[in-house]
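Novice: File name protein-v4.pdb; file contents PDB, C-alpha atoms and all ligand atoms; full text below.
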```
MODEL        1
ATOM      1  CA  MET A  18       0.000   0.000   0.000  1.00  0.00           C
ATOM      2  CA  ARG A  19       1.244   3.513  -0.829  1.00  0.00           C
ATOM      3  CA  ILE A  20       2.449   5.351   2.237  1.00  0.00           C
ATOM      4  CA  ASN A  21      -0.021   8.243   2.072  1.00  0.00           C
ATOM      5  CA  LYS A  22      -2.913   5.798   1.771  1.00  0.00           C
ATOM      6  CA  PHE A  23      -1.540   3.782   4.690  1.00  0.00           C
ATOM      7  CA  ILE A  24      -1.465   6.896   6.875  1.00  0.00           C
ATOM      8  CA  ALA A  25      -4.952   7.956   5.778  1.00  0.00           C
ATOM      9  CA  HIS A  26      -6.377   4.478   6.416  1.00  0.00           C
ATOM     10  CA  ALA A  27      -5.011   4.516   9.931  1.00  0.00           C
ATOM     11  CA  GLY A  28      -7.105   7.649  10.489  1.00  0.00           C
ATOM     12  CA  VAL A  29      -4.112   9.887  11.185  1.00  0.00           C
ATOM     13  CA  ALA A  30      -4.626  12.396   8.358  1.00  0.00           C
ATOM     14  CA  SER A  31      -6.247  12.810   4.962  1.00  0.00           C
ATOM     15  CA  ARG A  32      -4.219  11.524   2.015  1.00  0.00           C
ATOM     16  CA  ARG A  33      -3.260  15.030   1.001  1.00  0.00           C
ATOM     17  CA  LYS A  34      -2.257  15.989   4.543  1.00  0.00           C
ATOM     18  CA  ALA A  35      -0.302  12.719   4.727  1.00  0.00           C
ATOM     19  CA  GLU A  36       1.620  13.739   1.607  1.00  0.00           C
ATOM     20  CA  GLU A  37       2.523  17.019   3.273  1.00  0.00           C
ATOM     21  CA  LEU A  38       3.723  15.239   6.399  1.00  0.00           C
ATOM     22  CA  ILE A  39       5.880  12.975   4.226  1.00  0.00           C
ATOM     23  CA  LYS A  40       7.352  15.894   2.272  1.00  0.00           C
ATOM     24  CA  GLN A  41       8.126  17.688   5.508  1.00  0.00           C
ATOM     25  CA  GLY A  42      10.214  14.698   6.634  1.00  0.00           C
ATOM     26  CA  LEU A  43       7.908  13.891   9.553  1.00  0.00           C
ATOM     27  CA  VAL A  44       7.297  10.272   8.573  1.00  0.00           C
ATOM     28  CA  THR A  45       9.677   7.373   9.187  1.00  0.00           C
ATOM     29  CA  VAL A  46       9.501   3.779   8.021  1.00  0.00           C
ATOM     30  CA  ASN A  47      11.503   1.346  10.145  1.00  0.00           C
ATOM     31  CA  GLY A  48      13.321   4.307  11.646  1.00  0.00           C
ATOM     32  CA  GLN A  49      14.330   5.951   8.341  1.00  0.00           C
ATOM     33  CA  ILE A  50      12.825   9.265   7.237  1.00  0.00           C
ATOM     34  CA  VAL A  51      11.004   8.837   3.925  1.00  0.00           C
ATOM     35  CA  THR A  52      10.188  11.767   1.676  1.00  0.00           C
ATOM     36  CA  GLU A  53       9.419   9.714  -1.426  1.00  0.00           C
ATOM     37  CA  LEU A  54       5.644   9.627  -2.012  1.00  0.00           C
ATOM     38  CA  ALA A  55       5.900   6.430  -4.028  1.00  0.00           C
ATOM     39  CA  THR A  56       7.125   4.486  -0.977  1.00  0.00           C
ATOM     40  CA  THR A  57       5.045   1.395  -0.364  1.00  0.00           C
ATOM     41  CA  ILE A  58       4.399  -0.179   3.031  1.00  0.00           C
ATOM     42  CA  LYS A  59       4.655  -3.919   3.581  1.00  0.00           C
ATOM     43  CA  SER A  60       3.148  -5.912   6.404  1.00  0.00           C
ATOM     44  CA  GLY A  61       5.474  -5.712   9.408  1.00  0.00           C
ATOM     45  CA  ASP A  62       6.868  -2.246   8.519  1.00  0.00           C
ATOM     46  CA  LEU A  63       6.886   0.219  11.387  1.00  0.00           C
ATOM     47  CA  VAL A  64       5.512   3.578  10.275  1.00  0.00           C
ATOM     48  CA  GLU A  65       5.826   6.555  12.594  1.00  0.00           C
ATOM     49  CA  VAL A  66       4.390  10.033  12.164  1.00  0.00           C
ATOM     50  CA  GLU A  67       6.198  12.623  14.234  1.00  0.00           C
ATOM     51  CA  GLY A  68       7.579   9.789  16.365  1.00  0.00           C
ATOM     52  CA  THR A  69       4.225   8.121  17.034  1.00  0.00           C
ATOM     53  CA  PRO A  70       3.806   4.597  15.654  1.00  0.00           C
ATOM     54  CA  ILE A  71       0.692   4.100  13.554  1.00  0.00           C
ATOM     55  CA  TYR A  72      -0.995   0.844  12.781  1.00  0.00           C
ATOM     56  CA  ASN A  73      -3.176  -0.189   9.931  1.00  0.00           C
ATOM     57  CA  GLU A  74      -3.676  -3.856  10.242  1.00  0.00           C
ATOM     58  CA  GLU A  75      -5.945  -6.248   8.460  1.00  0.00           C
ATOM     59  CA  LYS A  76      -8.902  -7.000  10.729  1.00  0.00           C
ATOM     60  CA  VAL A  77      -8.584 -10.476  12.187  1.00  0.00           C
ATOM     61  CA  TYR A  78     -10.887 -12.536  14.410  1.00  0.00           C
ATOM     62  CA  TYR A  79      -9.925 -15.537  16.512  1.00  0.00           C
ATOM     63  CA  LEU A  80     -11.817 -17.981  18.647  1.00  0.00           C
ATOM     64  CA  LEU A  81      -9.992 -19.322  21.704  1.00  0.00           C
ATOM     65  CA  ASN A  82     -11.054 -22.024  24.105  1.00  0.00           C
ATOM     66  CA  LYS A  83      -9.634 -20.357  27.182  1.00  0.00           C
ATOM     67  CA  PRO A  84      -8.166 -22.662  29.804  1.00  0.00           C
ATOM     68  CA  ARG A  85      -8.210 -21.951  33.554  1.00  0.00           C
ATOM     69  CA  GLY A  86      -5.400 -19.924  35.063  1.00  0.00           C
ATOM     70  CA  VAL A  87      -5.000 -17.315  32.320  1.00  0.00           C
ATOM     71  CA  ILE A  88      -6.087 -13.695  32.518  1.00  0.00           C
ATOM     72  CA  SER A  89      -8.145 -11.985  29.793  1.00  0.00           C
ATOM     73  CA  SER A  90      -5.894  -8.986  29.227  1.00  0.00           C
ATOM     74  CA  VAL A  91      -3.301  -7.989  26.728  1.00  0.00           C
ATOM     75  CA  SER A  92      -0.545  -7.628  29.309  1.00  0.00           C
ATOM     76  CA  ASP A  93      -0.129  -8.037  33.032  1.00  0.00           C
ATOM     77  CA  ASP A  94       2.090  -6.010  35.316  1.00  0.00           C
ATOM     78  CA  LYS A  95       2.449  -8.990  37.659  1.00  0.00           C
ATOM     79  CA  GLY A  96       3.768 -11.146  34.826  1.00  0.00           C
ATOM     80  CA  ARG A  97       0.865 -13.591  34.854  1.00  0.00           C
ATOM     81  CA  LYS A  98       0.013 -15.529  31.734  1.00  0.00           C
ATOM     82  CA  THR A  99      -2.486 -13.720  29.484  1.00  0.00           C
ATOM     83  CA  VAL A 100      -4.752 -14.959  26.721  1.00  0.00           C
ATOM     84  CA  ILE A 101      -2.482 -13.192  24.219  1.00  0.00           C
ATOM     85  CA  ASP A 102       0.352 -15.525  25.253  1.00  0.00           C
ATOM     86  CA  LEU A 103      -1.826 -18.392  24.023  1.00  0.00           C
ATOM     87  CA  LEU A 104      -1.884 -17.111  20.418  1.00  0.00           C
ATOM     88  CA  PRO A 105       1.840 -16.806  19.693  1.00  0.00           C
ATOM     89  CA  THR A 106       1.465 -17.047  15.931  1.00  0.00           C
ATOM     90  CA  VAL A 107      -0.782 -13.979  15.659  1.00  0.00           C
ATOM     91  CA  LYS A 108       1.154 -10.867  14.707  1.00  0.00           C
ATOM     92  CA  GLU A 109      -1.740  -8.381  14.748  1.00  0.00           C
ATOM     93  CA  ARG A 110      -2.434  -6.459  17.968  1.00  0.00           C
ATOM     94  CA  ILE A 111      -5.499  -8.372  19.059  1.00  0.00           C
ATOM     95  CA  TYR A 112      -7.341  -8.117  22.357  1.00  0.00           C
ATOM     96  CA  PRO A 113     -10.219 -10.039  23.941  1.00  0.00           C
ATOM     97  CA  VAL A 114     -13.850  -9.150  23.244  1.00  0.00           C
ATOM     98  CA  GLY A 115     -15.042  -8.852  26.844  1.00  0.00           C
ATOM     99  CA  ARG A 116     -13.441 -10.801  29.637  1.00  0.00           C
ATOM    100  CA  LEU A 117     -13.522 -14.166  31.279  1.00  0.00           C
ATOM    101  CA  ASP A 118     -12.256 -14.509  34.833  1.00  0.00           C
ATOM    102  CA  TRP A 119      -8.898 -16.130  35.564  1.00  0.00           C
ATOM    103  CA  ASP A 120     -10.611 -19.353  36.599  1.00  0.00           C
ATOM    104  CA  THR A 121     -13.347 -19.335  33.912  1.00  0.00           C
ATOM    105  CA  THR A 122     -12.842 -21.524  30.868  1.00  0.00           C
ATOM    106  CA  GLY A 123     -14.381 -21.501  27.421  1.00  0.00           C
ATOM    107  CA  LEU A 124     -15.232 -19.325  24.492  1.00  0.00           C
ATOM    108  CA  LEU A 125     -13.349 -16.089  24.003  1.00  0.00           C
ATOM    109  CA  ILE A 126     -13.159 -14.043  20.804  1.00  0.00           C
ATOM    110  CA  LEU A 127     -10.048 -11.976  20.125  1.00  0.00           C
ATOM    111  CA  THR A 128      -9.805  -9.326  17.451  1.00  0.00           C
ATOM    112  CA  ASN A 129      -8.233  -6.006  16.462  1.00  0.00           C
ATOM    113  CA  ASP A 130     -11.604  -4.677  15.211  1.00  0.00           C
ATOM    114  CA  GLY A 131     -12.895  -2.072  17.649  1.00  0.00           C
ATOM    115  CA  ASP A 132     -16.276  -1.541  15.964  1.00  0.00           C
ATOM    116  CA  PHE A 133     -16.955  -5.269  15.991  1.00  0.00           C
ATOM    117  CA  THR A 134     -16.019  -5.429  19.687  1.00  0.00           C
ATOM    118  CA  ASP A 135     -18.364  -2.576  20.597  1.00  0.00           C
ATOM    119  CA  LYS A 136     -21.195  -4.270  18.770  1.00  0.00           C
ATOM    120  CA  MET A 137     -20.587  -7.645  20.415  1.00  0.00           C
ATOM    121  CA  ILE A 138     -20.462  -6.381  23.961  1.00  0.00           C
ATOM    122  CA  HIS A 139     -23.239  -3.804  23.910  1.00  0.00           C
ATOM    123  CA  PRO A 140     -26.120  -5.259  25.983  1.00  0.00           C
ATOM    124  CA  ARG A 141     -28.638  -3.529  23.690  1.00  0.00           C
ATOM    125  CA  ASN A 142     -27.669  -5.986  20.970  1.00  0.00           C
ATOM    126  CA  GLU A 143     -28.693  -8.883  23.200  1.00  0.00           C
ATOM    127  CA  ILE A 144     -26.174 -11.373  21.941  1.00  0.00           C
ATOM    128  CA  ASP A 145     -26.634 -14.612  23.876  1.00  0.00           C
ATOM    129  CA  LYS A 146     -23.743 -15.526  26.133  1.00  0.00           C
ATOM    130  CA  VAL A 147     -24.241 -19.005  27.442  1.00  0.00           C
ATOM    131  CA  TYR A 148     -22.453 -20.264  30.536  1.00  0.00           C
ATOM    132  CA  VAL A 149     -22.429 -23.609  32.277  1.00  0.00           C
ATOM    133  CA  ALA A 150     -21.873 -23.277  36.005  1.00  0.00           C
ATOM    134  CA  ARG A 151     -21.283 -25.947  38.606  1.00  0.00           C
ATOM    135  CA  VAL A 152     -22.653 -24.590  41.848  1.00  0.00           C
ATOM    136  CA  LYS A 153     -22.588 -25.677  45.470  1.00  0.00           C
ATOM    137  CA  GLY A 154     -26.101 -26.488  46.597  1.00  0.00           C
ATOM    138  CA  ILE A 155     -29.285 -27.753  45.050  1.00  0.00           C
ATOM    139  CA  ALA A 156     -30.660 -25.748  42.130  1.00  0.00           C
ATOM    140  CA  THR A 157     -34.430 -25.658  41.877  1.00  0.00           C
ATOM    141  CA  LYS A 158     -36.891 -23.693  39.787  1.00  0.00           C
ATOM    142  CA  ASP A 159     -37.829 -21.790  42.914  1.00  0.00           C
ATOM    143  CA  ASN A 160     -34.363 -20.624  43.823  1.00  0.00           C
ATOM    144  CA  LEU A 161     -33.406 -19.797  40.216  1.00  0.00           C
ATOM    145  CA  ARG A 162     -36.594 -17.926  39.289  1.00  0.00           C
ATOM    146  CA  PRO A 163     -35.306 -14.476  40.347  1.00  0.00           C
ATOM    147  CA  LEU A 164     -32.597 -14.758  37.656  1.00  0.00           C
ATOM    148  CA  THR A 165     -35.280 -14.691  34.974  1.00  0.00           C
ATOM    149  CA  LYS A 166     -36.636 -11.409  36.328  1.00  0.00           C
ATOM    150  CA  GLY A 167     -33.320  -9.726  37.121  1.00  0.00           C
ATOM    151  CA  VAL A 168     -31.410  -9.554  40.382  1.00  0.00           C
ATOM    152  CA  VAL A 169     -29.586  -6.605  41.867  1.00  0.00           C
ATOM    153  CA  ILE A 170     -25.815  -6.921  41.752  1.00  0.00           C
ATOM    154  CA  ASP A 171     -23.491  -4.024  42.557  1.00  0.00           C
ATOM    155  CA  GLY A 172     -26.551  -1.819  42.993  1.00  0.00           C
ATOM    156  CA  ARG A 173     -27.991  -2.421  39.536  1.00  0.00           C
ATOM    157  CA  LYS A 174     -30.541  -4.903  38.267  1.00  0.00           C
ATOM    158  CA  THR A 175     -29.445  -7.485  35.722  1.00  0.00           C
ATOM    159  CA  LYS A 176     -31.412  -8.020  32.518  1.00  0.00           C
ATOM    160  CA  PRO A 177     -33.662 -11.098  32.512  1.00  0.00           C
ATOM    161  CA  ALA A 178     -31.707 -14.325  32.006  1.00  0.00           C
ATOM    162  CA  ARG A 179     -32.708 -17.847  30.992  1.00  0.00           C
ATOM    163  CA  TYR A 180     -31.613 -20.995  32.779  1.00  0.00           C
ATOM    164  CA  THR A 181     -31.728 -24.765  32.353  1.00  0.00           C
ATOM    165  CA  ILE A 182     -30.930 -27.116  35.213  1.00  0.00           C
ATOM    166  CA  LEU A 183     -28.610 -29.724  33.700  1.00  0.00           C
ATOM    167  CA  LYS A 184     -27.808 -31.830  36.744  1.00  0.00           C
ATOM    168  CA  VAL A 185     -28.575 -32.055  40.438  1.00  0.00           C
ATOM    169  CA  ASP A 186     -26.376 -34.249  42.644  1.00  0.00           C
ATOM    170  CA  LYS A 187     -28.014 -34.473  46.056  1.00  0.00           C
ATOM    171  CA  GLU A 188     -25.278 -36.684  47.494  1.00  0.00           C
ATOM    172  CA  LYS A 189     -22.508 -34.243  46.659  1.00  0.00           C
ATOM    173  CA  ASP A 190     -24.832 -31.294  47.250  1.00  0.00           C
ATOM    174  CA  ARG A 191     -24.069 -29.625  43.951  1.00  0.00           C
ATOM    175  CA  SER A 192     -25.786 -28.799  40.659  1.00  0.00           C
ATOM    176  CA  VAL A 193     -24.932 -27.862  37.104  1.00  0.00           C
ATOM    177  CA  VAL A 194     -26.927 -25.035  35.531  1.00  0.00           C
ATOM    178  CA  GLU A 195     -26.791 -23.429  32.105  1.00  0.00           C
ATOM    179  CA  LEU A 196     -27.384 -19.680  32.194  1.00  0.00           C
ATOM    180  CA  THR A 197     -27.917 -17.382  29.204  1.00  0.00           C
ATOM    181  CA  ILE A 198     -27.281 -13.670  29.667  1.00  0.00           C
ATOM    182  CA  HIS A 199     -26.814 -10.676  27.355  1.00  0.00           C
ATOM    183  CA  GLU A 200     -24.601  -8.485  29.461  1.00  0.00           C
ATOM    184  CA  GLY A 201     -20.979  -8.752  30.427  1.00  0.00           C
ATOM    185  CA  ARG A 202     -20.658  -7.172  33.844  1.00  0.00           C
ATOM    186  CA  ASN A 203     -17.785  -7.957  36.154  1.00  0.00           C
ATOM    187  CA  HIS A 204     -18.126 -11.497  37.603  1.00  0.00           C
ATOM    188  CA  GLN A 205     -21.753 -11.317  36.528  1.00  0.00           C
ATOM    189  CA  VAL A 206     -22.617 -15.008  36.441  1.00  0.00           C
ATOM    190  CA  LYS A 207     -20.928 -15.753  39.759  1.00  0.00           C
ATOM    191  CA  LYS A 208     -22.684 -12.812  41.398  1.00  0.00           C
ATOM    192  CA  MET A 209     -26.061 -13.736  39.922  1.00  0.00           C
ATOM    193  CA  PHE A 210     -25.838 -17.255  41.337  1.00  0.00           C
ATOM    194  CA  GLU A 211     -24.552 -15.926  44.637  1.00  0.00           C
ATOM    195  CA  SER A 212     -27.598 -13.654  44.840  1.00  0.00           C
ATOM    196  CA  VAL A 213     -29.817 -16.760  44.859  1.00  0.00           C
ATOM    197  CA  GLY A 214     -27.652 -18.568  47.405  1.00  0.00           C
ATOM    198  CA  LEU A 215     -25.618 -20.778  45.076  1.00  0.00           C
ATOM    199  CA  LEU A 216     -21.829 -20.503  45.006  1.00  0.00           C
ATOM    200  CA  VAL A 217     -20.169 -21.109  41.636  1.00  0.00           C
ATOM    201  CA  ASP A 218     -17.196 -23.443  41.881  1.00  0.00           C
ATOM    202  CA  LYS A 219     -16.640 -24.020  38.152  1.00  0.00           C
ATOM    203  CA  LEU A 220     -17.631 -21.829  35.231  1.00  0.00           C
ATOM    204  CA  SER A 221     -17.354 -22.162  31.498  1.00  0.00           C
ATOM    205  CA  ARG A 222     -18.691 -20.106  28.580  1.00  0.00           C
ATOM    206  CA  THR A 223     -20.014 -22.496  25.990  1.00  0.00           C
ATOM    207  CA  ARG A 224     -21.622 -20.185  23.465  1.00  0.00           C
ATOM    208  CA  PHE A 225     -21.451 -16.603  22.202  1.00  0.00           C
ATOM    209  CA  GLY A 226     -24.209 -15.722  19.717  1.00  0.00           C
ATOM    210  CA  THR A 227     -23.985 -18.268  16.933  1.00  0.00           C
ATOM    211  CA  LEU A 228     -20.554 -19.550  17.979  1.00  0.00           C
ATOM    212  CA  ASP A 229     -19.483 -22.424  20.177  1.00  0.00           C
ATOM    213  CA  VAL A 230     -16.118 -23.996  20.930  1.00  0.00           C
ATOM    214  CA  THR A 231     -16.769 -27.372  19.349  1.00  0.00           C
ATOM    215  CA  GLY A 232     -13.541 -28.962  18.183  1.00  0.00           C
ATOM    216  CA  LEU A 233     -11.205 -26.801  20.259  1.00  0.00           C
ATOM    217  CA  ARG A 234      -9.548 -28.235  23.346  1.00  0.00           C
ATOM    218  CA  PRO A 235      -8.688 -25.815  26.177  1.00  0.00           C
ATOM    219  CA  GLY A 236      -5.817 -23.618  24.997  1.00  0.00           C
ATOM    220  CA  GLU A 237      -6.559 -24.192  21.303  1.00  0.00           C
ATOM    221  CA  TYR A 238      -7.642 -21.450  18.922  1.00  0.00           C
ATOM    222  CA  ARG A 239      -8.588 -20.890  15.316  1.00  0.00           C
ATOM    223  CA  ARG A 240      -9.437 -18.051  12.982  1.00  0.00           C
ATOM    224  CA  LEU A 241     -13.091 -17.268  12.461  1.00  0.00           C
ATOM    225  CA  ASN A 242     -14.219 -17.445   8.856  1.00  0.00           C
ATOM    226  CA  LYS A 243     -16.171 -14.745   6.987  1.00  0.00           C
ATOM    227  CA  LYS A 244     -19.463 -16.558   7.401  1.00  0.00           C
ATOM    228  CA  GLU A 245     -19.056 -16.817  11.180  1.00  0.00           C
ATOM    229  CA  ILE A 246     -18.167 -13.132  11.427  1.00  0.00           C
ATOM    230  CA  SER A 247     -21.179 -12.031   9.394  1.00  0.00           C
ATOM    231  CA  GLN A 248     -23.440 -14.328  11.434  1.00  0.00           C
ATOM    232  CA  LEU A 249     -22.256 -12.546  14.564  1.00  0.00           C
ATOM    233  CA  HIS A 250     -22.915  -9.140  12.969  1.00  0.00           C
ATOM    234  CA  ASN A 251     -26.394 -10.324  12.007  1.00  0.00           C
ATOM    235  CA  ALA A 252     -27.075 -11.699  15.473  1.00  0.00           C
ATOM    236  CA  ALA A 253     -26.358  -8.228  16.851  1.00  0.00           C
ATOM    237  CA  LEU A 254     -28.424  -6.387  14.201  1.00  0.00           C
ATOM    238  CA  ASN A 255     -31.463  -8.645  14.486  1.00  0.00           C
ATOM    239  CA  ASN A 256     -31.685  -8.036  18.171  1.00  0.00           C
ATOM    240  CA  ILE A 257     -31.663  -4.257  18.036  1.00  0.00           C
ATOM    241  CA  LYS A 258     -35.055  -3.144  19.234  1.00  0.00           C
TER     242      LYS A 258
HETATM  243  N1  LIG B 301     -19.389 -14.172  34.685  1.00  0.00           N
HETATM  244  C1  LIG B 301     -18.496 -14.456  35.659  1.00  0.00           C
HETATM  245  O1  LIG B 301     -18.811 -14.419  36.821  1.00  0.00           O
HETATM  246  N2  LIG B 301     -17.250 -14.763  35.286  1.00  0.00           N
HETATM  247  C2  LIG B 301     -16.849 -14.839  34.005  1.00  0.00           C
HETATM  248  O2  LIG B 301     -15.691 -15.149  33.740  1.00  0.00           O
HETATM  249  C3  LIG B 301     -17.804 -14.549  33.004  1.00  0.00           C
HETATM  250  C4  LIG B 301     -19.062 -14.212  33.378  1.00  0.00           C
ENDMDL
END
```
Before we go any further, please render this structure as structure tokens.

Specialist:
Amino acid sequence: MRINKFIAHAGVASRRKAEELIKQGLVTVNGQIVTELATTIKSGDLVEVEGTPIYNEEKVYYLLNKPRGVISSVSDDKGRKTVIDLLPTVKERIYPVGRLDWDTTGLLILTNDGDFTDKMIHPRNEIDKVYVARVKGIATKDNLRPLTKGVVIDGRKTKPARYTILKVDKEKDRSVVELTIHEGRNHQVKKMFESVGLLVDKLSRTRFGTLDVTGLRPGEYRRLNKKEISQLHNAALNNIK
């Protein structure tokens, strides 16, 4: 891609303004000032405008089956393992779409597409996020009913959720419940169960909109294909009220 187009695409300046910046010697490629407008930029080149790196990457989308013991951030000041460490072959600057707790497993999307991310996490778009929780205690319709109406966590009511009781083990005094929500508040599923007296001791996200993690073992990832990405866009659009 021509350098002025590259700069314009990154949203730094118009093409014409970019040409001026180049002529003024304010643009470097891999540390060298370039004043030649015909310069082309290859993937992996570092372009800086007035010393600030600019990025113009192809949009990429990955699906990770997150294992336990990994944090959902791009970096960690305490040196803990992050989800980014699990995708070593990806060279784009991706980040997770929403978060899963350190001890939560399952479906996590990673991308460098900010608009897509906003769309996926906005509760208005009502994308289903399905979790399977193992909880201490006996789940019954009576104790789970408040979740379908909304419960107050951190001073704010949750949107109505759906549940299915998958298993009740009276001997071990524990149950497995599937919960579908549309929001992504901090520790939301754990807090929702806690609010009805059930403590989550294992949590996994099994579905996000039209996607599930079939075929991926914990720690494995793959690229999403075009069809899957457009299905997610459609899932968001169709739900807008
Ligand atoms: N809700 C939680 O409590 N934890 C997660 O990781 C995701 C949703």

Novice: Would you list the residues near (-4.1, -11.6, 38.0) (no more than 9 Å away, in the coordinates of the file, using all atoms listed in the file) as an NGL selection string?

Specialist: :A and (86-88 or 93-99 or 119)

Novice: Quick one: which residues end up in the PyMOL selection byres (((not hetatm)) within 9 of (chain B and resi 301)) for this structure, as a PyMOL selection string?

Specialist: chain A and resi 115-122+146+148+200-210+217+220-222

Novice: Written as a PyMOL selection string, which residues does the PyMOL selection byres (((chain A and resi 103) around 10) and not hetatm) give for the file shown?

Specialist: chain A and resi 81-84+87+98-102+104-107+236-238

Novice: Return as a list in words the set of residues that the PyMOL selection byres (((chain A and resi 199) around 9) and not hetatm) yields on the displayed structure.

Specialist: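 Against this file, the PyMOL selection byres (((chain A and resi 199) around 9) and not hetatm) returns the residues Ile138, His139, Pro140, Arg141, Asn142, Glu143, Ile144, Asp145, Lys146, Val147, Lys176, Pro177, Ala178, Thr197, Ile198, Glu200 and Gly201 of chain A.
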
Novice: Could you state the separation of CA of Val91 (chain A) and CA of Ile20 (chain A) in Å, given to one decimal place?

Specialist: 28.5 Å

Novice: In Å, with one decimal, what is the gap from CA of Thr128 (chain A) to CA of Glu65 (chain A)?

Specialist: 22.8 Å

Novice: For a quick check of your reading of the model, name the residues lying within 8 Å of the coordinate (-30.6, -27.5, 33.8), counting all atoms listed in the file, and write them as a list in words.

Specialist: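 Output of the proximity query reads Tyr180, Thr181, Ile182, Leu183, Lys184, Val193, Val194 and Glu195 of chain A.
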
Novice: Which polymer residues have any atom within 12 Å of an atom of Ser60 (chain A), counting all atoms listed in the file, with same-chain residues fewer than 3 positions away left out, as a list in words?

Specialist: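 That gives Met18, Phe23, Val46, Asn47, Thr57, Leu63, Val64, Tyr72, Asn73, Glu74, Glu75, Lys108 and Glu109 of chain A.
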
Novice: With distances taken over only C-alpha atoms, which residue among A:Gly226, A:Gly42, A:Gly123, A:Gly214 lies nearest Gln248 (chain A)?

Specialist: A:Gly226
